[in-house]
$ cat query.cif   # mmCIF, C-alpha atoms
data_target
#
loop_
_atom_site.label_atom_id
_atom_site.label_comp_id
_atom_site.auth_asym_id
_atom_site.auth_seq_id
_atom_site.Cartn_x
_atom_site.Cartn_y
_atom_site.Cartn_z
CA MET U 1 11.35 -2.85 -24.53
CA ALA U 2 7.60 -2.65 -25.19
CA ARG U 3 7.87 -5.19 -28.01
CA PHE U 4 9.86 -7.52 -25.78
CA LEU U 5 7.28 -7.35 -22.98
CA LEU U 6 4.44 -7.91 -25.45
CA SER U 7 6.22 -10.95 -26.88
CA LYS U 8 6.52 -12.40 -23.38
CA LEU U 9 2.88 -11.73 -22.49
CA PRO U 10 1.42 -14.98 -23.95
CA SER U 11 3.96 -17.15 -22.12
CA PHE U 12 3.40 -15.14 -18.92
CA ILE U 13 -0.36 -15.70 -19.14
CA LEU U 14 0.17 -19.40 -19.87
CA VAL U 15 2.47 -19.81 -16.88
CA VAL U 16 0.00 -18.03 -14.60
CA VAL U 17 -2.94 -20.14 -15.81
CA VAL U 18 -1.05 -23.42 -15.43
CA SER U 19 0.28 -22.32 -12.04
CA SER U 20 -3.21 -21.42 -10.86
CA VAL U 21 -4.46 -24.89 -11.80
CA ILE U 22 -1.54 -26.53 -10.01
CA ALA U 23 -1.95 -24.26 -6.97
CA PHE U 24 -5.65 -25.16 -6.87
CA LEU U 25 -5.21 -28.92 -7.25
CA LEU U 26 -2.06 -29.43 -5.18
CA PRO U 27 -3.61 -28.90 -1.71
CA ARG U 28 -6.55 -31.13 -2.66
CA LEU U 29 -4.22 -33.99 -3.59
CA ALA U 30 -2.86 -34.10 -0.04
CA PRO U 31 -4.67 -36.38 2.43
CA GLY U 32 -7.14 -34.72 4.77
CA ASP U 33 -10.24 -32.59 4.59
CA PRO U 34 -10.68 -29.01 5.86
CA ALA U 35 -14.20 -29.89 7.02
CA VAL U 36 -12.85 -32.68 9.22
CA VAL U 37 -10.20 -30.34 10.67
CA LEU U 38 -12.82 -27.69 11.47
CA ALA U 39 -15.38 -30.14 12.82
CA GLY U 40 -12.96 -31.92 15.14
CA PRO U 41 -12.16 -35.61 15.57
CA ASP U 42 -15.48 -36.54 17.19
CA ALA U 43 -17.82 -34.80 14.75
CA SER U 44 -20.63 -36.72 13.13
CA PRO U 45 -20.84 -37.20 9.34
CA GLU U 46 -23.80 -34.81 9.27
CA VAL U 47 -21.77 -32.02 10.86
CA ILE U 48 -18.88 -32.61 8.45
CA SER U 49 -21.29 -32.61 5.51
CA LYS U 50 -22.82 -29.33 6.69
CA ILE U 51 -19.36 -27.69 6.93
CA ARG U 52 -18.42 -28.92 3.47
CA ASP U 53 -21.63 -27.42 2.13
CA ASP U 54 -20.98 -24.10 3.87
CA LEU U 55 -17.43 -23.94 2.45
CA GLY U 56 -18.54 -24.97 -1.03
CA LEU U 57 -16.34 -28.08 -0.97
CA ASP U 58 -19.22 -30.29 -2.09
CA GLN U 59 -19.39 -28.53 -5.45
CA PRO U 60 -17.71 -29.99 -8.56
CA ILE U 61 -13.98 -29.34 -8.64
CA TRP U 62 -14.14 -27.24 -11.83
CA THR U 63 -16.90 -25.08 -10.30
CA GLN U 64 -14.72 -24.43 -7.25
CA TYR U 65 -11.78 -23.48 -9.52
CA ILE U 66 -13.78 -21.07 -11.66
CA LYS U 67 -15.24 -19.43 -8.58
CA TRP U 68 -11.80 -19.05 -7.00
CA ILE U 69 -9.97 -17.76 -10.09
CA GLY U 70 -12.83 -15.37 -10.81
CA GLY U 71 -12.40 -13.91 -7.34
CA VAL U 72 -8.61 -13.66 -7.80
CA LEU U 73 -9.09 -11.70 -11.04
CA HIS U 74 -11.29 -9.27 -9.10
CA GLY U 75 -8.80 -8.98 -6.23
CA ASP U 76 -10.69 -11.30 -3.88
CA LEU U 77 -8.52 -14.17 -2.61
CA GLY U 78 -11.31 -15.59 -0.46
CA GLN U 79 -11.58 -16.15 3.27
CA SER U 80 -9.46 -18.50 5.35
CA TYR U 81 -11.38 -21.61 6.39
CA VAL U 82 -9.62 -21.80 9.75
CA LEU U 83 -8.90 -18.20 10.77
CA LYS U 84 -12.10 -16.75 9.27
CA ARG U 85 -10.22 -13.76 7.91
CA PRO U 86 -9.71 -12.58 4.31
CA VAL U 87 -6.70 -14.27 2.74
CA GLY U 88 -5.42 -10.94 1.42
CA GLU U 89 -5.49 -9.52 4.94
CA LEU U 90 -3.57 -12.52 6.32
CA ILE U 91 -0.90 -12.19 3.66
CA SER U 92 -0.55 -8.43 4.06
CA SER U 93 -0.10 -8.84 7.83
CA ARG U 94 2.83 -11.27 7.31
CA ILE U 95 4.47 -10.07 4.12
CA ASP U 96 6.63 -7.39 5.77
CA SER U 97 8.57 -10.00 7.71
CA THR U 98 9.22 -12.15 4.64
CA LEU U 99 10.15 -9.16 2.47
CA GLU U 100 12.69 -7.95 5.02
CA LEU U 101 14.26 -11.41 5.13
CA ALA U 102 14.22 -11.91 1.36
CA ILE U 103 15.66 -8.45 0.56
CA LEU U 104 18.54 -8.73 3.02
CA ALA U 105 19.22 -12.31 1.92
CA ALA U 106 19.26 -11.20 -1.73
CA ILE U 107 21.75 -8.41 -0.95
CA ILE U 108 24.04 -10.84 0.91
CA MET U 109 23.64 -13.46 -1.82
CA ILE U 110 24.61 -11.08 -4.62
CA ALA U 111 27.47 -9.45 -2.70
CA VAL U 112 29.04 -12.73 -1.56
CA GLY U 113 28.34 -14.63 -4.77
CA VAL U 114 29.65 -11.96 -7.13
CA GLY U 115 32.58 -11.08 -4.86
CA LEU U 116 33.79 -14.67 -4.55
CA GLY U 117 33.09 -15.37 -8.20
CA VAL U 118 35.28 -12.44 -9.26
CA LEU U 119 38.03 -13.58 -6.89
CA GLY U 120 37.90 -17.09 -8.26
CA GLY U 121 37.78 -15.96 -11.89
CA ALA U 122 40.46 -13.28 -11.62
CA LYS U 123 44.16 -14.03 -12.03
CA ARG U 124 44.82 -14.62 -8.35
CA SER U 125 46.98 -17.07 -6.46
CA PRO U 126 46.00 -20.76 -6.37
CA ALA U 127 45.35 -20.40 -2.64
CA ILE U 128 42.61 -17.80 -3.18
CA ARG U 129 41.05 -19.82 -5.97
CA GLY U 130 41.16 -22.92 -3.78
CA LEU U 131 39.44 -21.01 -0.97
CA VAL U 132 36.65 -19.92 -3.33
CA ASP U 133 36.29 -23.49 -4.63
CA THR U 134 36.05 -24.80 -1.07
CA PHE U 135 33.32 -22.31 -0.17
CA SER U 136 31.33 -23.14 -3.30
CA THR U 137 31.64 -26.89 -2.79
CA ILE U 138 30.58 -26.78 0.85
CA PHE U 139 27.57 -24.52 0.45
CA LEU U 140 26.42 -26.09 -2.81
CA ALA U 141 25.94 -29.27 -0.79
CA THR U 142 24.47 -27.55 2.28
CA PRO U 143 20.74 -26.70 2.21
CA PRO U 144 19.51 -23.50 3.92
CA PHE U 145 17.95 -25.33 6.88
CA LEU U 146 21.26 -27.01 7.73
CA THR U 147 23.14 -23.73 7.33
CA GLY U 148 20.61 -22.15 9.68
CA LEU U 149 21.02 -24.87 12.31
CA LEU U 150 24.82 -24.56 12.16
CA LEU U 151 24.60 -20.78 12.56
CA ILE U 152 22.31 -21.21 15.56
CA LEU U 153 24.76 -23.60 17.20
CA LEU U 154 27.78 -21.39 16.44
CA LEU U 155 26.51 -17.83 16.91
CA GLY U 156 23.54 -18.55 19.13
CA PHE U 157 24.96 -21.02 21.64
CA ALA U 158 28.74 -21.45 21.30
CA ILE U 159 29.34 -17.72 20.75
CA PRO U 160 26.01 -16.09 21.69
CA ILE U 161 26.22 -12.77 19.89
CA LEU U 162 22.97 -12.76 17.91
CA PRO U 163 19.35 -13.72 18.68
CA ILE U 164 18.27 -17.06 17.23
CA SER U 165 14.47 -16.77 17.30
CA GLY U 166 11.73 -14.18 17.04
CA GLU U 167 11.73 -10.88 15.19
CA THR U 168 11.34 -7.12 15.41
CA SER U 169 10.25 -5.09 12.41
CA LEU U 170 12.90 -2.90 10.84
CA LEU U 171 10.32 -0.13 10.63
CA THR U 172 9.71 -0.32 14.38
CA ASP U 173 13.32 -0.61 15.58
CA PRO U 174 15.98 -0.90 12.84
CA GLY U 175 18.81 -1.58 15.27
CA ILE U 176 17.14 -4.53 16.98
CA GLY U 177 15.37 -5.70 13.83
CA ILE U 178 18.60 -6.15 11.89
CA GLN U 179 20.01 -8.30 14.69
CA PHE U 180 17.08 -10.72 14.34
CA LEU U 181 17.50 -10.71 10.55
CA ILE U 182 21.23 -11.41 10.21
CA LEU U 183 21.29 -15.14 10.98
CA PRO U 184 18.24 -16.20 8.93
CA ALA U 185 19.32 -13.98 6.02
CA ILE U 186 22.82 -15.49 5.99
CA ALA U 187 21.39 -19.00 6.24
CA LEU U 188 19.12 -18.29 3.29
CA ALA U 189 21.75 -16.49 1.20
CA LEU U 190 24.93 -18.58 1.45
CA PRO U 191 23.78 -21.71 -0.45
CA GLN U 192 22.44 -19.52 -3.26
CA ALA U 193 25.61 -17.38 -3.22
CA ALA U 194 27.67 -20.52 -3.81
CA VAL U 195 25.76 -21.17 -7.04
CA ILE U 196 26.39 -17.63 -8.26
CA ALA U 197 30.07 -17.75 -7.29
CA ARG U 198 30.66 -21.03 -9.11
CA MET U 199 28.80 -19.87 -12.21
CA LEU U 200 30.65 -16.52 -12.40
CA GLN U 201 34.03 -18.11 -11.73
CA THR U 202 33.53 -20.70 -14.48
CA SER U 203 32.25 -18.08 -16.91
CA MET U 204 35.21 -15.76 -16.26
CA LEU U 205 37.76 -18.54 -16.67
CA THR U 206 36.15 -19.50 -19.97
CA THR U 207 36.05 -15.90 -21.19
CA ARG U 208 39.76 -15.46 -20.44
CA GLY U 209 40.49 -17.91 -23.23
CA GLU U 210 38.67 -15.85 -25.86
CA ASP U 211 40.53 -14.13 -28.69
CA PHE U 212 39.47 -10.60 -27.72
CA VAL U 213 41.12 -11.04 -24.31
CA ASP U 214 44.38 -12.13 -25.96
CA LEU U 215 44.11 -9.10 -28.25
CA ALA U 216 43.68 -6.78 -25.26
CA LYS U 217 46.77 -8.31 -23.63
CA ALA U 218 48.75 -7.83 -26.82
CA LYS U 219 47.78 -4.16 -26.87
CA GLY U 220 49.19 -3.76 -23.37
CA VAL U 221 45.89 -3.21 -21.57
CA PRO U 222 46.45 -3.46 -17.78
CA PRO U 223 45.28 -6.79 -16.27
CA THR U 224 42.85 -5.07 -13.90
CA LEU U 225 41.20 -3.25 -16.79
CA ILE U 226 41.01 -6.47 -18.81
CA THR U 227 39.27 -8.22 -15.93
CA ARG U 228 36.80 -5.42 -15.32
CA ARG U 229 36.00 -4.23 -18.84
CA HIS U 230 36.44 -7.35 -20.97
CA VAL U 231 36.24 -10.50 -18.84
CA LEU U 232 33.73 -9.55 -16.16
CA ARG U 233 31.35 -7.67 -18.45
CA ASN U 234 31.20 -10.53 -20.95
CA SER U 235 30.88 -13.14 -18.19
CA PHE U 236 28.09 -11.49 -16.28
CA GLY U 237 25.25 -12.20 -18.73
CA SER U 238 24.49 -15.77 -17.70
CA VAL U 239 25.05 -14.86 -14.06
CA VAL U 240 22.27 -12.25 -14.21
CA VAL U 241 19.81 -14.96 -15.23
CA VAL U 242 21.05 -17.21 -12.43
CA ILE U 243 20.66 -14.39 -9.92
CA GLY U 244 17.06 -13.94 -11.04
CA LEU U 245 16.38 -17.63 -10.55
CA ARG U 246 18.10 -17.66 -7.16
CA ILE U 247 16.04 -14.70 -5.93
CA GLY U 248 12.92 -16.64 -6.85
CA GLU U 249 14.20 -19.62 -4.86
CA LEU U 250 14.78 -17.40 -1.82
CA LEU U 251 11.01 -17.33 -1.33
CA ALA U 252 10.85 -21.12 -1.23
CA GLY U 253 13.81 -21.32 1.15
CA ALA U 254 12.23 -18.70 3.40
CA ILE U 255 9.50 -21.17 4.39
CA VAL U 256 11.97 -23.48 6.12
CA VAL U 257 14.26 -20.74 7.42
CA GLU U 258 11.38 -18.81 8.99
CA SER U 259 10.28 -21.97 10.78
CA ILE U 260 13.78 -22.59 12.16
CA PHE U 261 14.18 -19.02 13.42
CA ALA U 262 10.54 -18.67 14.58
CA ARG U 263 9.74 -15.73 12.32
CA ASN U 264 6.10 -14.82 11.80
CA GLY U 265 6.22 -14.43 8.03
CA LEU U 266 4.61 -16.01 5.00
CA GLY U 267 6.65 -19.17 5.53
CA SER U 268 5.07 -19.92 8.89
CA LEU U 269 1.67 -19.00 7.43
CA ALA U 270 2.22 -21.50 4.60
CA VAL U 271 3.23 -24.28 7.00
CA SER U 272 0.25 -23.75 9.31
CA SER U 273 -2.13 -23.50 6.35
CA VAL U 274 -0.90 -26.79 4.87
CA GLN U 275 -1.24 -28.50 8.24
CA SER U 276 -4.81 -27.26 8.70
CA ARG U 277 -5.78 -27.88 5.02
CA ASP U 278 -6.59 -24.18 4.58
CA TYR U 279 -6.81 -24.45 0.80
CA LEU U 280 -7.44 -20.82 -0.11
CA VAL U 281 -4.39 -19.55 1.79
CA VAL U 282 -2.10 -22.18 0.27
CA GLN U 283 -3.43 -21.47 -3.23
CA ALA U 284 -2.81 -17.73 -2.92
CA LEU U 285 0.72 -18.23 -1.59
CA VAL U 286 1.71 -20.67 -4.34
CA LEU U 287 0.26 -18.52 -7.10
CA GLY U 288 1.87 -15.37 -5.69
CA ALA U 289 5.30 -17.05 -5.45
CA VAL U 290 5.10 -18.19 -9.08
CA MET U 291 4.09 -14.73 -10.32
CA ILE U 292 6.94 -13.10 -8.41
CA ALA U 293 9.42 -15.62 -9.87
CA VAL U 294 8.18 -14.95 -13.42
CA ILE U 295 8.40 -11.17 -12.98
CA ILE U 296 11.93 -11.43 -11.58
CA GLN U 297 12.92 -13.61 -14.54
CA LEU U 298 11.60 -10.98 -16.96
CA LEU U 299 13.55 -8.26 -15.16
CA SER U 300 16.72 -10.36 -15.28
CA GLU U 301 16.37 -10.69 -19.06
CA VAL U 302 16.04 -6.91 -19.34
CA VAL U 303 19.19 -6.42 -17.26
CA LEU U 304 20.98 -9.06 -19.34
CA ALA U 305 20.21 -7.12 -22.52
CA ALA U 306 21.54 -3.92 -20.94
CA LEU U 307 24.81 -5.58 -19.90
CA ASP U 308 25.47 -7.69 -22.98
CA PRO U 309 25.41 -5.79 -26.31
CA ARG U 310 25.08 -9.13 -28.14
CA VAL U 311 21.58 -9.50 -26.70
CA ARG U 312 18.77 -7.31 -27.98
CA LEU U 313 15.26 -7.32 -26.57
CA GLY U 314 12.76 -8.37 -29.15
CA ASP U 315 15.31 -10.06 -31.49
#

$ encode --input "query.cif" --output "structure tokens"
Amino acid sequence: MARFLLSKLPSFILVVVVSSVIAFLLPRLAPGDPAVVLAGPDASPEVISKIRDDLGLDQPIWTQYIKWIGGVLHGDLGQSYVLKRPVGELISSRIDSTLELAILAAIIMIAVGVGLGVLGGAKRSPAIRGLVDTFSTIFLATPPFLTGLLLILLLGFAIPILPISGETSLLTDPGIGIQFLILPAIALALPQAAVIARMLQTSMLTTRGEDFVDLAKAKGVPPTLITRRHVLRNSFGSVVVVIGLRIGELLAGAIVVESIFARNGLGSLAVSSVQSRDYLVVQALVLGAVMIAVIIQLLSEVVLAALDPRVRLGD
């Protein structure tokens, strides 16, 4: 394990460095200027120049990057241009909402994706397999924002049983909080669950044609035991990696879903920061999302090695 993590350290550092450069440059490539936003539409060039000087935006681009990344390495993400608050404080005040959404969405995604994948890959009737194929096809082509809008129309207006906007923290009131979470979590999870279901179904159907499965059948092993011990276990390796990637994509999907359901999480913070050209907030959010995705990918490789004896960490 230690050797595996050490072998991944150079690539992890490289990804973080490249991501930090992209996160730094990306907001600056968009049209607009934070100084103009802060000064207002009728401000004089002198006022705009003074604001740029105060924010350090008149310095060379490489100087701004070194100053920012040096602060990040010391735990200082800077101060928001617009809100005049530390970026770390802004993120910490919103992260609970996004974590609640992402965790519940991940649970739904894994449960639905693995469950339907096993149904589709097991020796079931053609009707069940067709039902799984229909689900996968529909939600593979349906982005989270459209799924969210359809859920709002169905369960918010046509059959109003769940709230469609706002939020209550699970720590404050779990009963009410979960009601606000269900629709956005389902909207975020179902498209990703379709990917997992299709991948697991395909992998299981392929594994059923392997020689060791035929040998187990010849020995009289019960079909249920063959599916669980031989087919599913040997099919789950690639799915673990896909689950890791899908969990990383949940963070990106949360930006749109939070906007649709009016949740006050990191997604809404990212949208408002982009609109106001609040560079430091956008940079921190992009870099944080990349680091989380890389860490999840590392964890998925560790789980893959534990599930599949053919894979050994450090080989």

$ resolve_selection --input "query.cif" --expression "the PyMOL selection byres ((chain U and resi 219-234) around 10)" --output "VMD selection string"
chain U and resid 117 to 118 121 to 123 200 to 201 203 to 210 212 to 218 235 to 238 307 to 310

$ residues_around --input "query.cif" --residues "Phe135 in chain U" --least-positions-apart "6" --cutoff "10 Å" --atoms "all atoms listed in the file" --output "list of chain:residue names"
U:Leu116, U:Arg129, U:Leu190, U:Pro191, U:Ala193, U:Ala194, U:Ala197, U:Arg198

$ atom_distance --input "query.cif" --atom1 "CA of Glu249 in chain U" --atom2 "CA of Gln192 in chain U"
8.4 Å

$ resolve_selection --input "query.cif" --expression "the PyMOL selection byres ((chain U and resi 172-184) around 9)" --output "PyMOL selection string"
chain U and resi 100-101+104-105+144+148+151-152+155+162-171+185-189+254+257-258+260-261

$ closest_residue --input "query.cif" --among "U:Val16, U:Leu55, U:Met291, U:Leu245" --to "Leu38 in chain U" --atoms "only C-alpha atoms"
U:Leu55

$ atom_distance --input "query.cif" --atom1 "CA of Phe145 in chain U" --atom2 "CA of Gly248 in chain U"
17.0 Å

$ residues_around --input "query.cif" --residues "Asn264 in chain U" --least-positions-apart "4" --cutoff "7 Å" --atoms "only C-alpha atoms" --output "list in words"
Arg94, Ser97 and Ser268 of chain U
